[in-house]
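Undergrad: Structure in structure tokens, see below.
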Amino acid sequence: MQDVRKILNDFMNGVGNVSATNEADVNAFMGFMGDVYQPRALDTKTKELMSVAIGAYNRCQFCIVYHVYKAYEAGATKQEILEAAMVALTFGGGPTLAYTSTFLVDAANEFEHDFD
């Protein structure tokens, strides 16, 4: 099992470290990201599920872990998260399955009850 909580914390701490030297750039990106995830035609949960799928397709462990966490925070269920990953699998094949069956499943299990 991957230590996905450590991966999440390492990512968030890393963003903070980069922000210390490149604050304007990081703040601009984070502001853009925050705006994009606001509910409009699509709700935040749907956007996070899309992000889970994109992260799995791109084989980005940090993206997977972060967006699984954020999907739960937005009200997604474990089944919705896994189903989003299956959509990614139709495009990404074996490599997507590898990341789904490791980082994504471990993150889904680890964070499942964080927002109960």
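Residues are named by chain letter and number: chains run A, B, ... in the order of the structure tokens, numbers start at 1 in each chain, and ligands are numbered from 1 in the order shown.
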Skip segment 59-61 of chain A itself and residues of its chain fewer than 5 positions away, then list as an MDAnalysis selection string all residues within 12 Å of it, counting only C-alpha atoms.
TA: chainID A and resid 2:8 10:11 51:54 66:68 85 88:89 92:107
Undergrad: From the options A:Ala24, A:Ala76, A:Leu82, A:Val65, which residue's atoms come nearest to Asn9 of chain A, counting only C-alpha atoms?
TA: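 Ranking A:Ala24, A:Ala76, A:Leu82, A:Val65 by distance to Asn9 of chain A, first place goes to A:Val65.
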Undergrad: Go ahead and compute the interatomic distance for atom CA of Lys45 of chain A and atom CA of Met12 of chain A, in Å to one decimal.
TA: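 The value is 20.5 Å.
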Undergrad: Hey, what's within 7 Å of Leu49 of chain A if we count only C-alpha atoms and toss same-chain stuff fewer than 5 positions away? As a list in words, please?
TA: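 Here the answer would be Ala71, Ile81 and Ala84 of chain A.
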Undergrad: Could you write out the selected residues, including N, CA and C atoms, as a PDB file, in the first residue's frame?
TA:
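Final file, part_24.pdb:
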```pdb
ATOM      1  N   ALA A  71     -12.271  15.019  -4.261  1.00  0.00           N
ATOM      2  CA  ALA A  71     -13.548  14.441  -4.686  1.00  0.00           C
ATOM      3  C   ALA A  71     -14.361  14.017  -3.473  1.00  0.00           C
ATOM      4  N   ILE A  81     -15.689   7.507  -7.516  1.00  0.00           N
ATOM      5  CA  ILE A  81     -14.268   7.708  -7.789  1.00  0.00           C
ATOM      6  C   ILE A  81     -13.727   6.565  -8.641  1.00  0.00           C
ATOM      7  N   ALA A  84     -15.078   6.764 -12.200  1.00  0.00           N
ATOM      8  CA  ALA A  84     -14.358   7.787 -12.968  1.00  0.00           C
ATOM      9  C   ALA A  84     -13.027   7.233 -13.476  1.00  0.00           C
TER      10      ALA A  84
END
```
Undergrad: Check the DSSP output for the backbone and give back, as an MDAnalysis selection string, the residues of chain A in helix (DSSP H, G or I).
TA: chainID A and resid 4:21 23:36 44:58 61:73 78:111
Undergrad: For Tyr72 of chain A, please output as a list in words all residues within 8 Å (counting only C-alpha atoms; exclusion window: fewer than 4 positions along the same chain).
TA: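 Here the qualifying residues turn out to be Val68, Ala76, Thr77, Lys78, Phe111, Glu112, Asp114 and Phe115 of chain A.
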Undergrad: Quick one: write out the picked residues with all heavy atoms as a tab-separated table (two decimals), in the first residue's frame?
TA:
```
chain	number	residue	atom	x	y	z
A	68	VAL	N	-8.51	12.65	-5.54
A	68	VAL	CA	-9.35	11.70	-4.80
A	68	VAL	C	-9.77	12.34	-3.48
A	68	VAL	O	-10.95	12.31	-3.11
A	68	VAL	CB	-8.62	10.35	-4.56
A	68	VAL	CG1	-9.34	9.52	-3.50
A	68	VAL	CG2	-8.51	9.57	-5.86
A	76	ALA	N	-18.18	13.09	-3.21
A	76	ALA	CA	-18.15	11.88	-4.04
A	76	ALA	C	-18.08	10.63	-3.16
A	76	ALA	O	-17.61	10.68	-2.02
A	76	ALA	CB	-16.96	11.90	-4.99
A	77	THR	N	-18.55	9.53	-3.70
A	77	THR	CA	-18.43	8.23	-3.03
A	77	THR	C	-17.25	7.47	-3.61
A	77	THR	O	-16.75	7.80	-4.70
A	77	THR	CB	-19.71	7.40	-3.22
A	77	THR	OG1	-19.82	7.06	-4.62
A	77	THR	CG2	-20.95	8.14	-2.74
A	78	LYS	N	-16.85	6.45	-2.89
A	78	LYS	CA	-15.76	5.60	-3.39
A	78	LYS	C	-16.14	5.00	-4.74
A	78	LYS	O	-15.32	4.94	-5.65
A	78	LYS	CB	-15.44	4.51	-2.36
A	78	LYS	CG	-14.28	3.64	-2.74
A	78	LYS	CD	-13.98	2.66	-1.61
A	78	LYS	CE	-12.82	1.76	-1.94
A	78	LYS	NZ	-12.57	0.80	-0.83
A	111	PHE	N	-8.77	7.89	2.32
A	111	PHE	CA	-9.52	9.12	2.57
A	111	PHE	C	-11.03	8.90	2.66
A	111	PHE	O	-11.78	9.85	2.87
A	111	PHE	CB	-9.23	10.14	1.48
A	111	PHE	CG	-7.77	10.47	1.32
A	111	PHE	CD1	-7.21	10.57	0.04
A	111	PHE	CD2	-6.95	10.70	2.40
A	111	PHE	CE1	-5.87	10.87	-0.12
A	111	PHE	CE2	-5.60	11.00	2.26
A	111	PHE	CZ	-5.06	11.10	0.98
A	112	GLU	N	-11.48	7.66	2.51
A	112	GLU	CA	-12.91	7.37	2.39
A	112	GLU	C	-13.75	7.96	3.53
A	112	GLU	O	-14.86	8.40	3.31
A	112	GLU	CB	-13.12	5.86	2.30
A	112	GLU	CG	-14.56	5.48	2.08
A	112	GLU	CD	-14.76	4.00	1.83
A	112	GLU	OE1	-13.83	3.20	2.08
A	112	GLU	OE2	-15.85	3.65	1.38
A	114	ASP	N	-12.76	10.52	5.69
A	114	ASP	CA	-12.28	11.82	6.17
A	114	ASP	C	-13.39	12.86	6.25
A	114	ASP	O	-13.26	13.82	7.03
A	114	ASP	CB	-11.15	12.35	5.28
A	114	ASP	CG	-9.81	11.74	5.61
A	114	ASP	OD1	-9.76	10.71	6.30
A	114	ASP	OD2	-8.79	12.30	5.15
A	115	PHE	N	-14.44	12.71	5.48
A	115	PHE	CA	-15.46	13.75	5.44
A	115	PHE	C	-16.84	13.24	5.87
A	115	PHE	O	-17.85	13.81	5.54
A	115	PHE	CB	-15.53	14.37	4.04
A	115	PHE	CG	-14.23	15.01	3.65
A	115	PHE	CD1	-13.33	14.32	2.85
A	115	PHE	CD2	-13.90	16.25	4.12
A	115	PHE	CE1	-12.11	14.89	2.51
A	115	PHE	CE2	-12.69	16.84	3.79
A	115	PHE	CZ	-11.78	16.17	2.98
```
Undergrad: Which neighbours of segment 28-43 of chain A fall inside 9 Å, counting only C-alpha atoms, when residues of the same chain fewer than 5 positions from it are skipped, and could you give them as a list in words?
TA: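 Residues meeting the cut-off are Glu23, Glu48 and Ala74 of chain A.
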Undergrad: Please save N, CA, C and O atoms of the selected residues as an mmCIF file, in the first residue's frame.
TA:
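Once written, again39.cif looks like this:
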```
data_model
loop_
_atom_site.group_PDB
_atom_site.id
_atom_site.type_symbol
_atom_site.label_atom_id
_atom_site.label_comp_id
_atom_site.auth_asym_id
_atom_site.auth_seq_id
_atom_site.Cartn_x
_atom_site.Cartn_y
_atom_site.Cartn_z
ATOM 1 N N GLU A 23 5.928 33.213 -5.342
ATOM 2 C CA GLU A 23 4.589 33.423 -4.786
ATOM 3 C C GLU A 23 3.580 33.895 -5.825
ATOM 4 O O GLU A 23 2.464 33.381 -5.890
ATOM 5 N N GLU A 48 -14.216 17.357 -9.847
ATOM 6 C CA GLU A 48 -13.201 16.562 -9.144
ATOM 7 C C GLU A 48 -13.142 15.132 -9.685
ATOM 8 O O GLU A 48 -12.059 14.559 -9.808
ATOM 9 N N ALA A 74 -15.774 16.995 -1.859
ATOM 10 C CA ALA A 74 -16.905 17.537 -2.621
ATOM 11 C C ALA A 74 -18.140 16.635 -2.566
ATOM 12 O O ALA A 74 -19.155 16.936 -3.191
#
```
Undergrad: Given only C-alpha atoms as the basis, pick out the residue of A:Ser19, A:Asp25, A:Ile64, A:Glu73 nearest to Thr44 of chain A.
TA: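 Answer, going by the shortest atom-to-atom distance: A:Glu73.
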Undergrad: Quick one: distance from atom CA of Met50 of chain A to atom CA of Asn109 of chain A in Å, one decimal?
TA: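 Computing it gives 18.8 Å between the two atoms.
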